[in-house]
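Visitor: Here you go, work_7.cif (mmCIF, C-alpha atoms):
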```cif
data_upload
loop_
_atom_site.group_PDB
_atom_site.id
_atom_site.type_symbol
_atom_site.label_atom_id
_atom_site.label_comp_id
_atom_site.auth_asym_id
_atom_site.auth_seq_id
_atom_site.Cartn_x
_atom_site.Cartn_y
_atom_site.Cartn_z
ATOM 1 C CA MET A 317 -34.150 36.267 21.480
ATOM 2 C CA SER A 318 -33.173 33.191 19.433
ATOM 3 C CA ASP A 319 -32.173 35.449 16.519
ATOM 4 C CA SER A 320 -30.057 37.646 18.762
ATOM 5 C CA PRO A 321 -26.312 37.572 18.114
ATOM 6 C CA SER A 322 -24.137 35.764 20.632
ATOM 7 C CA VAL A 323 -21.351 37.323 22.627
ATOM 8 C CA LEU A 324 -18.816 35.420 20.531
ATOM 9 C CA SER A 325 -20.313 36.623 17.265
ATOM 10 C CA LEU A 326 -20.055 40.222 18.481
ATOM 11 C CA VAL A 327 -16.410 39.647 19.406
ATOM 12 C CA GLU A 328 -15.675 38.189 15.971
ATOM 13 C CA LYS A 329 -17.452 41.077 14.257
ATOM 14 C CA ALA A 330 -15.560 43.641 16.328
ATOM 15 C CA ALA A 331 -12.241 41.892 15.657
ATOM 16 C CA SER A 332 -12.879 42.108 11.913
ATOM 17 C CA GLN A 333 -13.672 45.797 12.217
ATOM 18 C CA LEU A 334 -10.527 46.505 14.249
ATOM 19 C CA ASP A 335 -8.406 44.558 11.779
ATOM 20 C CA ALA A 336 -9.900 46.348 8.791
ATOM 21 C CA ALA A 337 -9.336 49.736 10.431
ATOM 22 C CA GLY A 338 -5.666 48.970 11.085
ATOM 23 C CA VAL A 339 -5.692 50.012 14.737
ATOM 24 C CA ALA A 340 -2.534 49.411 16.773
ATOM 25 C CA PHE A 341 -2.297 47.119 19.794
ATOM 26 C CA GLY A 342 0.165 46.755 22.655
ATOM 27 C CA HIS A 343 -1.698 48.264 25.605
ATOM 28 C CA GLY A 344 -2.787 45.026 27.194
ATOM 29 C CA THR A 345 -3.547 43.012 24.063
ATOM 30 C CA THR A 346 -1.499 42.087 21.012
ATOM 31 C CA ASN A 347 -4.185 41.255 18.455
ATOM 32 C CA ALA A 348 -7.630 42.243 17.222
ATOM 33 C CA PHE A 349 -9.516 39.280 18.700
ATOM 34 C CA ASP A 350 -8.255 39.812 22.255
ATOM 35 C CA GLU A 351 -8.891 43.560 21.990
ATOM 36 C CA ALA A 352 -12.405 42.933 20.711
ATOM 37 C CA ALA A 353 -13.097 40.465 23.518
ATOM 38 C CA TRP A 354 -11.948 43.042 26.081
ATOM 39 C CA LEU A 355 -14.210 45.766 24.666
ATOM 40 C CA VAL A 356 -17.253 43.545 24.209
ATOM 41 C CA LEU A 357 -17.062 41.849 27.607
ATOM 42 C CA TRP A 358 -16.461 45.161 29.399
ATOM 43 C CA ARG A 359 -19.354 46.872 27.629
ATOM 44 C CA LEU A 360 -21.666 43.980 28.525
ATOM 45 C CA GLY A 361 -20.504 43.908 32.144
ATOM 46 C CA LEU A 362 -19.187 40.355 31.819
ATOM 47 C CA PRO A 363 -16.004 38.884 33.371
ATOM 48 C CA PRO A 364 -13.065 39.928 31.188
ATOM 49 C CA ASP A 365 -11.106 36.701 31.560
ATOM 50 C CA ASP A 366 -13.609 33.983 30.675
ATOM 51 C CA LEU A 367 -15.050 34.457 27.208
ATOM 52 C CA ASP A 368 -15.684 30.715 26.845
ATOM 53 C CA ALA A 369 -18.192 30.748 29.696
ATOM 54 C CA VAL A 370 -20.386 33.400 28.054
ATOM 55 C CA ALA A 371 -19.582 32.901 24.352
ATOM 56 C CA GLY A 372 -23.021 31.556 23.476
ATOM 57 C CA GLN A 373 -24.999 34.057 25.543
ATOM 58 C CA PRO A 374 -27.470 36.082 23.407
ATOM 59 C CA VAL A 375 -27.111 39.864 23.276
ATOM 60 C CA SER A 376 -30.094 42.200 23.095
ATOM 61 C CA PRO A 377 -30.334 44.776 20.284
ATOM 62 C CA GLU A 378 -29.818 47.548 22.833
ATOM 63 C CA ASP A 379 -26.612 45.986 24.138
ATOM 64 C CA GLN A 380 -25.455 45.238 20.618
ATOM 65 C CA ALA A 381 -25.828 48.929 19.780
ATOM 66 C CA ARG A 382 -23.773 49.859 22.846
ATOM 67 C CA VAL A 383 -21.019 47.460 21.796
ATOM 68 C CA ASP A 384 -21.036 48.798 18.246
ATOM 69 C CA ALA A 385 -20.718 52.359 19.542
ATOM 70 C CA LEU A 386 -17.734 51.455 21.729
ATOM 71 C CA VAL A 387 -15.919 49.676 18.899
ATOM 72 C CA ALA A 388 -16.617 52.631 16.620
ATOM 73 C CA GLU A 389 -15.158 54.974 19.251
ATOM 74 C CA ARG A 390 -12.035 52.810 19.521
ATOM 75 C CA ILE A 391 -11.548 53.055 15.760
ATOM 76 C CA ALA A 392 -12.418 56.734 15.366
ATOM 77 C CA THR A 393 -10.382 58.081 18.284
ATOM 78 C CA ARG A 394 -7.501 55.551 18.186
ATOM 79 C CA LYS A 395 -7.524 55.703 21.985
ATOM 80 C CA PRO A 396 -6.288 52.481 23.602
ATOM 81 C CA ALA A 397 -9.025 50.258 25.001
ATOM 82 C CA ALA A 398 -7.781 50.853 28.552
ATOM 83 C CA TYR A 399 -8.609 54.559 28.303
ATOM 84 C CA LEU A 400 -12.098 53.737 27.029
ATOM 85 C CA THR A 401 -12.792 51.188 29.768
ATOM 86 C CA GLY A 402 -10.906 52.964 32.576
ATOM 87 C CA GLU A 403 -9.224 49.744 33.599
ATOM 88 C CA ALA A 404 -6.118 47.727 32.781
ATOM 89 C CA TRP A 405 -4.882 44.390 34.100
ATOM 90 C CA LEU A 406 -1.286 43.513 34.897
ATOM 91 C CA GLN A 407 -0.433 39.985 36.060
ATOM 92 C CA GLY A 408 -4.110 39.403 36.746
ATOM 93 C CA VAL A 409 -4.422 42.458 39.002
ATOM 94 C CA PRO A 410 -6.899 45.207 37.997
ATOM 95 C CA PHE A 411 -5.812 48.847 37.947
ATOM 96 C CA HIS A 412 -7.648 52.083 37.315
ATOM 97 C CA VAL A 413 -6.185 53.988 34.401
ATOM 98 C CA ASP A 414 -7.033 57.192 32.586
ATOM 99 C CA GLU A 415 -5.300 59.644 30.297
ATOM 100 C CA ARG A 416 -3.359 61.235 33.150
ATOM 101 C CA SER A 417 -0.993 58.257 33.224
ATOM 102 C CA ILE A 418 0.635 55.740 30.922
ATOM 103 C CA ILE A 419 -1.181 52.429 30.510
ATOM 104 C CA PRO A 420 0.595 49.776 32.617
ATOM 105 C CA ARG A 421 2.319 47.065 30.579
ATOM 106 C CA SER A 422 5.808 46.802 32.062
ATOM 107 C CA PHE A 423 7.623 43.479 31.659
ATOM 108 C CA ILE A 424 9.014 44.097 35.146
ATOM 109 C CA ALA A 425 5.614 42.906 36.375
ATOM 110 C CA GLU A 426 6.428 39.428 35.075
ATOM 111 C CA LEU A 427 9.652 39.360 37.090
ATOM 112 C CA LEU A 428 7.790 40.348 40.258
ATOM 113 C CA ALA A 429 5.198 37.636 39.712
ATOM 114 C CA ASP A 430 7.485 34.746 38.807
ATOM 115 C CA GLY A 431 10.225 35.399 41.372
ATOM 116 C CA THR A 432 12.976 35.897 38.786
ATOM 117 C CA ILE A 433 14.695 38.669 40.735
ATOM 118 C CA ASP A 434 14.317 37.014 44.144
ATOM 119 C CA ALA A 435 17.851 35.597 43.848
ATOM 120 C CA TRP A 436 19.198 39.147 44.241
ATOM 121 C CA LEU A 437 16.980 39.885 47.247
ATOM 122 C CA GLY A 438 16.935 38.603 50.805
ATOM 123 C CA GLU A 439 16.141 39.351 54.438
ATOM 124 C CA HIS A 440 17.848 42.701 53.946
ATOM 125 C CA THR A 441 15.300 43.761 51.303
ATOM 126 C CA ARG A 442 13.051 46.179 53.169
ATOM 127 C CA ARG A 443 12.896 49.414 51.181
ATOM 128 C CA VAL A 444 11.783 49.460 47.561
ATOM 129 C CA LEU A 445 11.532 52.390 45.152
ATOM 130 C CA ASP A 446 9.269 52.318 42.096
ATOM 131 C CA LEU A 447 10.602 55.258 40.091
ATOM 132 C CA CYS A 448 8.416 56.629 37.261
ATOM 133 C CA THR A 449 5.520 54.843 38.938
ATOM 134 C CA GLY A 450 2.824 56.117 36.566
ATOM 135 C CA ASN A 451 -0.468 54.675 37.777
ATOM 136 C CA GLY A 452 1.305 52.860 40.627
ATOM 137 C CA SER A 453 0.953 49.349 39.237
ATOM 138 C CA LEU A 454 4.520 48.134 39.844
ATOM 139 C CA ALA A 455 4.502 49.589 43.357
ATOM 140 C CA VAL A 456 1.282 47.715 44.101
ATOM 141 C CA LEU A 457 2.594 44.466 42.619
ATOM 142 C CA ALA A 458 5.849 44.780 44.600
ATOM 143 C CA ALA A 459 3.942 45.343 47.838
ATOM 144 C CA MET A 460 1.805 42.301 47.053
ATOM 145 C CA ALA A 461 4.813 40.141 46.187
ATOM 146 C CA TRP A 462 6.759 41.003 49.353
ATOM 147 C CA PRO A 463 4.444 41.720 52.315
ATOM 148 C CA GLU A 464 7.396 42.773 54.496
ATOM 149 C CA VAL A 465 8.638 45.661 52.314
ATOM 150 C CA GLU A 466 7.773 49.341 52.241
ATOM 151 C CA VAL A 467 7.559 51.018 48.849
ATOM 152 C CA ASP A 468 8.176 54.577 47.700
ATOM 153 C CA ALA A 469 6.308 55.250 44.443
ATOM 154 C CA ALA A 470 7.731 58.337 42.743
ATOM 155 C CA ASP A 471 6.817 60.275 39.622
ATOM 156 C CA LEU A 472 7.392 63.748 38.217
ATOM 157 C CA SER A 473 3.736 63.996 37.198
ATOM 158 C CA ALA A 474 1.249 65.051 39.866
ATOM 159 C CA ASP A 475 -1.505 63.832 37.525
ATOM 160 C CA ALA A 476 0.006 60.354 37.358
ATOM 161 C CA LEU A 477 0.370 60.274 41.138
ATOM 162 C CA ALA A 478 -3.327 61.105 41.492
ATOM 163 C CA VAL A 479 -4.092 57.980 39.463
ATOM 164 C CA ALA A 480 -1.571 55.989 41.510
ATOM 165 C CA ARG A 481 -3.343 57.058 44.695
ATOM 166 C CA ILE A 482 -6.586 55.568 43.374
ATOM 167 C CA ASN A 483 -4.824 52.240 42.852
ATOM 168 C CA VAL A 484 -2.986 52.251 46.172
ATOM 169 C CA GLU A 485 -6.307 52.838 47.927
ATOM 170 C CA ARG A 486 -8.117 50.316 45.727
ATOM 171 C CA HIS A 487 -5.731 47.603 46.892
ATOM 172 C CA ALA A 488 -5.631 48.823 50.519
ATOM 173 C CA LEU A 489 -1.866 49.409 50.515
ATOM 174 C CA GLY A 490 -1.748 52.965 51.790
ATOM 175 C CA ASP A 491 0.097 51.901 54.939
ATOM 176 C CA ARG A 492 2.998 50.449 52.925
ATOM 177 C CA ILE A 493 3.195 52.579 49.762
ATOM 178 C CA ARG A 494 4.247 56.219 49.972
ATOM 179 C CA LEU A 495 3.653 58.440 46.945
ATOM 180 C CA LEU A 496 6.354 60.999 46.127
ATOM 181 C CA GLU A 497 6.337 63.787 43.568
ATOM 182 C CA SER A 498 9.935 63.711 42.392
ATOM 183 C CA ASP A 499 12.004 64.874 39.434
ATOM 184 C CA GLY A 500 14.006 61.704 38.974
ATOM 185 C CA LEU A 501 15.653 60.800 42.267
ATOM 186 C CA GLN A 502 15.410 64.337 43.666
ATOM 187 C CA ALA A 503 12.859 63.550 46.426
ATOM 188 C CA CYS A 504 13.919 59.914 46.904
ATOM 189 C CA ALA A 505 16.336 59.854 49.819
ATOM 190 C CA GLY A 506 16.832 56.114 50.183
ATOM 191 C CA PRO A 507 18.802 54.097 50.845
ATOM 192 C CA TYR A 508 16.882 51.514 48.845
ATOM 193 C CA ASP A 509 17.457 47.782 48.638
ATOM 194 C CA LEU A 510 15.598 47.486 45.347
ATOM 195 C CA VAL A 511 14.776 50.077 42.697
ATOM 196 C CA LEU A 512 12.278 49.322 39.935
ATOM 197 C CA CYS A 513 12.186 51.739 37.024
ATOM 198 C CA ASN A 514 10.252 51.767 33.770
ATOM 199 C CA PRO A 515 11.394 55.231 32.621
ATOM 200 C CA PRO A 516 10.765 57.279 29.497
ATOM 201 C CA TYR A 517 13.156 55.549 27.104
ATOM 202 C CA VAL A 518 11.717 55.970 23.610
ATOM 203 C CA SER A 519 14.240 57.574 21.264
ATOM 204 C CA THR A 520 13.301 60.571 19.130
ATOM 205 C CA GLU A 521 13.354 58.432 16.004
ATOM 206 C CA SER A 522 11.070 55.847 17.594
ATOM 207 C CA MET A 523 8.733 58.547 18.960
ATOM 208 C CA ASP A 524 8.274 59.848 15.420
ATOM 209 C CA ARG A 525 7.070 56.408 14.318
ATOM 210 C CA LEU A 526 4.616 55.761 17.156
ATOM 211 C CA PRO A 527 1.021 55.024 16.116
ATOM 212 C CA PRO A 528 -1.804 57.239 17.437
ATOM 213 C CA GLU A 529 -2.629 54.823 20.283
ATOM 214 C CA TYR A 530 0.756 55.542 21.875
ATOM 215 C CA ARG A 531 0.490 59.253 21.167
ATOM 216 C CA ALA A 532 -2.679 59.239 23.290
ATOM 217 C CA GLU A 533 -0.461 58.637 26.330
ATOM 218 C CA PRO A 534 1.401 61.398 28.200
ATOM 219 C CA PRO A 535 4.593 62.045 26.170
ATOM 220 C CA LEU A 536 6.395 62.758 29.453
ATOM 221 C CA ALA A 537 6.174 59.038 30.203
ATOM 222 C CA LEU A 538 7.592 57.963 26.845
ATOM 223 C CA ALA A 539 10.091 60.373 25.302
ATOM 224 C CA GLY A 540 13.697 59.719 26.338
ATOM 225 C CA GLY A 541 15.595 62.146 24.102
ATOM 226 C CA ALA A 542 17.668 61.562 20.984
ATOM 227 C CA ASP A 543 18.838 58.075 21.955
ATOM 228 C CA GLY A 544 16.182 57.385 24.606
ATOM 229 C CA MET A 545 18.756 57.456 27.407
ATOM 230 C CA ASP A 546 18.386 61.001 28.820
ATOM 231 C CA PHE A 547 16.557 59.906 31.979
ATOM 232 C CA VAL A 548 18.637 56.750 32.318
ATOM 233 C CA ARG A 549 21.896 58.741 32.325
ATOM 234 C CA ARG A 550 20.646 60.889 35.205
ATOM 235 C CA LEU A 551 19.367 57.833 37.048
ATOM 236 C CA LEU A 552 22.580 55.820 36.840
ATOM 237 C CA ALA A 553 24.688 58.828 37.846
ATOM 238 C CA GLY A 554 22.677 59.493 41.006
ATOM 239 C CA LEU A 555 21.614 56.019 42.034
ATOM 240 C CA PRO A 556 24.726 54.583 43.762
ATOM 241 C CA ALA A 557 24.373 57.146 46.556
ATOM 242 C CA ARG A 558 20.786 56.010 47.131
ATOM 243 C CA LEU A 559 21.298 52.243 46.943
ATOM 244 C CA ALA A 560 22.015 50.299 50.117
ATOM 245 C CA PRO A 561 24.891 47.774 50.121
ATOM 246 C CA GLY A 562 23.660 44.775 48.152
ATOM 247 C CA GLY A 563 20.993 46.898 46.488
ATOM 248 C CA VAL A 564 19.928 46.354 42.883
ATOM 249 C CA LEU A 565 18.230 48.243 40.069
ATOM 250 C CA VAL A 566 15.739 46.549 37.721
ATOM 251 C CA LEU A 567 15.404 48.765 34.651
ATOM 252 C CA GLU A 568 13.199 48.463 31.581
ATOM 253 C CA ILE A 569 14.536 49.943 28.340
ATOM 254 C CA GLY A 570 12.172 48.363 25.805
ATOM 255 C CA ASN A 571 13.557 48.116 22.292
ATOM 256 C CA GLU A 572 16.470 50.448 23.036
ATOM 257 C CA ARG A 573 19.089 47.869 24.104
ATOM 258 C CA ALA A 574 21.501 48.985 21.380
ATOM 259 C CA HIS A 575 21.265 52.581 22.585
ATOM 260 C CA PHE A 576 21.736 51.483 26.209
ATOM 261 C CA GLU A 577 24.865 49.485 25.423
ATOM 262 C CA ALA A 578 26.257 52.328 23.335
ATOM 263 C CA ALA A 579 25.662 54.791 26.181
ATOM 264 C CA PHE A 580 27.030 52.498 28.932
ATOM 265 C CA PRO A 581 29.549 50.185 27.243
ATOM 266 C CA ARG A 582 31.385 49.280 30.462
ATOM 267 C CA LEU A 583 28.405 48.431 32.640
ATOM 268 C CA GLU A 584 27.998 44.762 33.522
ATOM 269 C CA ALA A 585 24.256 44.296 33.163
ATOM 270 C CA VAL A 586 22.290 41.105 33.733
ATOM 271 C CA TRP A 587 19.645 40.849 31.029
ATOM 272 C CA MET A 588 16.421 39.325 32.311
ATOM 273 C CA GLU A 589 14.271 36.856 30.385
ATOM 274 C CA THR A 590 10.670 38.015 29.838
ATOM 275 C CA SER A 591 7.876 37.043 27.486
ATOM 276 C CA ALA A 592 9.372 39.555 25.030
ATOM 277 C CA GLY A 593 12.824 37.978 25.149
ATOM 278 C CA ALA A 594 15.989 39.005 27.001
ATOM 279 C CA ASP A 595 16.436 42.507 25.583
ATOM 280 C CA GLN A 596 13.772 44.533 27.402
ATOM 281 C CA VAL A 597 14.738 44.499 31.100
ATOM 282 C CA LEU A 598 18.129 44.503 32.798
ATOM 283 C CA LEU A 599 19.417 44.260 36.346
ATOM 284 C CA LEU A 600 22.343 46.248 37.753
ATOM 285 C CA THR A 601 23.895 45.702 41.160
ATOM 286 C CA ARG A 602 25.207 48.560 43.249
ATOM 287 C CA GLU A 603 28.680 47.124 42.754
ATOM 288 C CA ALA A 604 28.287 47.260 38.983
ATOM 289 C CA LEU A 605 27.132 50.886 39.166
ATOM 290 C CA ALA A 606 29.874 51.994 41.567
ATOM 291 C CA PRO A 607 32.740 49.456 41.403
#
```
Can the structure from this file be put into structure tokens for me?

Guide:
Amino acid sequence: MSDSPSVLSLVEKAASQLDAAGVAFGHGTTNAFDEAAWLVLWRLGLPPDDLDAVAGQPVSPEDQARVDALVAERIATRKPAAYLTGEAWLQGVPFHVDERSIIPRSFIAELLADGTIDAWLGEHTRRVLDLCTGNGSLAVLAAMAWPEVEVDAADLSADALAVARINVERHALGDRIRLLESDGLQACAGPYDLVLCNPPYVSTESMDRLPPEYRAEPPLALAGGADGMDFVRRLLAGLPARLAPGGVLVLEIGNERAHFEAAFPRLEAVWMETSAGADQVLLLTREALAP
């Protein structure tokens, strides 16, 4: 076995292959090395977050062939790694994911984990809505962050809700998270003290430029119309009636801040700092929505 390649050498080889193939990242990793480490460690059944501990471990020819096949599949299909492994991590929490739902990567998760939005919350914060819940990750993280709240997790897609149910059960939160099939706010009665929403916000122009990895995801979860604001317009029109006094909305709009400000020039939004800067996520109070 002394001539067997190490785990690290397989990661480096895979990273070179991914780089050469020009695959796109952004579904849990931002570069070829991290993506390669994810694929190699998952295929070998090793912990995904501690490459250093296993870097020198030799890999048998059989396992090397299995790794090579997985990397080749990633390149040939352009499917994101999360769809190939069936798992994604958000703020250190594992979630099941498959092609029925978008891969979780919301920057709202950072705000839940670091307490950024806690200043707008309080003893009154009891009912939370995660709208466009996808695989349920933000609903799960909210329930973990605030053990006293109850969460409605709503989505138009019955397929996405089936994935969300797997994650709610995986984290034993079925007594505090209720799954709702809802077209926007239609089935969400409220009143809510906090609404989290990572909606479809990608403009038509941006959709046309998406690499294949993003096109592998359900377009329902991405496409937001000509300026990306179709869903957001409906949401902001209907939300004041469903927000409790003192309630707030935390909304992700990705790279569409210019379109948001053009669509809602009079709204007083608080832009939240995330690892991607202060343009991706905003907070709106009920008073700002319905002065």

Visitor: Ranking A:Leu428, A:Ala397, A:Ala592, A:Ala388 by minimum distance to Gly344 of chain A and counting only C-alpha atoms, which one comes first?

Guide: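 Closest to Gly344 of chain A of all the choices is A:Ala397.
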
Visitor: Show me, as a PyMOL selection string, the residues that have an atom within 9 Å of Ser453 of chain A when counting all atoms listed in the file, minus same-chain residues fewer than 6 positions from it.

Guide: chain A and resi 406+409-411+420+425+480+483-484

Visitor: What's around Asp414 of chain A at 8 Å? Count all atoms listed in the file, leave out sequence neighbours fewer than 4 positions away in its own chain, and write the answer as a PyMOL selection string.

Guide: chain A and resi 398-399+402-403+418-419+479

Visitor: Between A:Ser519, A:Asn347, A:Thr601, A:Ser591, which residue has the minimum interatomic distance to Leu552 of chain A, considering all atoms listed in the file?

Guide: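 Smallest distance to Leu552 of chain A is found for A:Thr601.
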
Visitor: Quick one: which residues end up in the PyMOL selection byres ((chain A and resi 596-599) around 9) for this structure, as a list in words?

Guide: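 Given this file, the PyMOL selection byres ((chain A and resi 596-599) around 9) evaluates to Phe423, Ile424, Ile433, Asn514, Val564, Leu565, Val566, Leu567, Glu568, Ile569, Gly570, Asn571, Glu572, Arg573, Ala585, Val586, Trp587, Met588, Glu589, Thr590, Ala592, Gly593, Ala594, Asp595, Leu600 and Thr601 of chain A.
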
Visitor: Neighbours of Asp446 of chain A within 9 Å (only C-alpha atoms; same-chain residues fewer than 5 positions away dropped), as a list in words?

Guide: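 So the residues in contact are Gly452, Leu454, Ala455, Ala458, Val467, Asp468, Ala469, Ala470, Asp471, Leu510, Val511, Leu512, Cys513 and Asn514 of chain A.
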
Visitor: If the PyMOL selection byres ((chain A and resi 364) around 12) is run on the structure shown, which residues does it catch, given as a PyMOL selection string?

Guide: chain A and resi 350-363+365-371+401+403-405+408-410
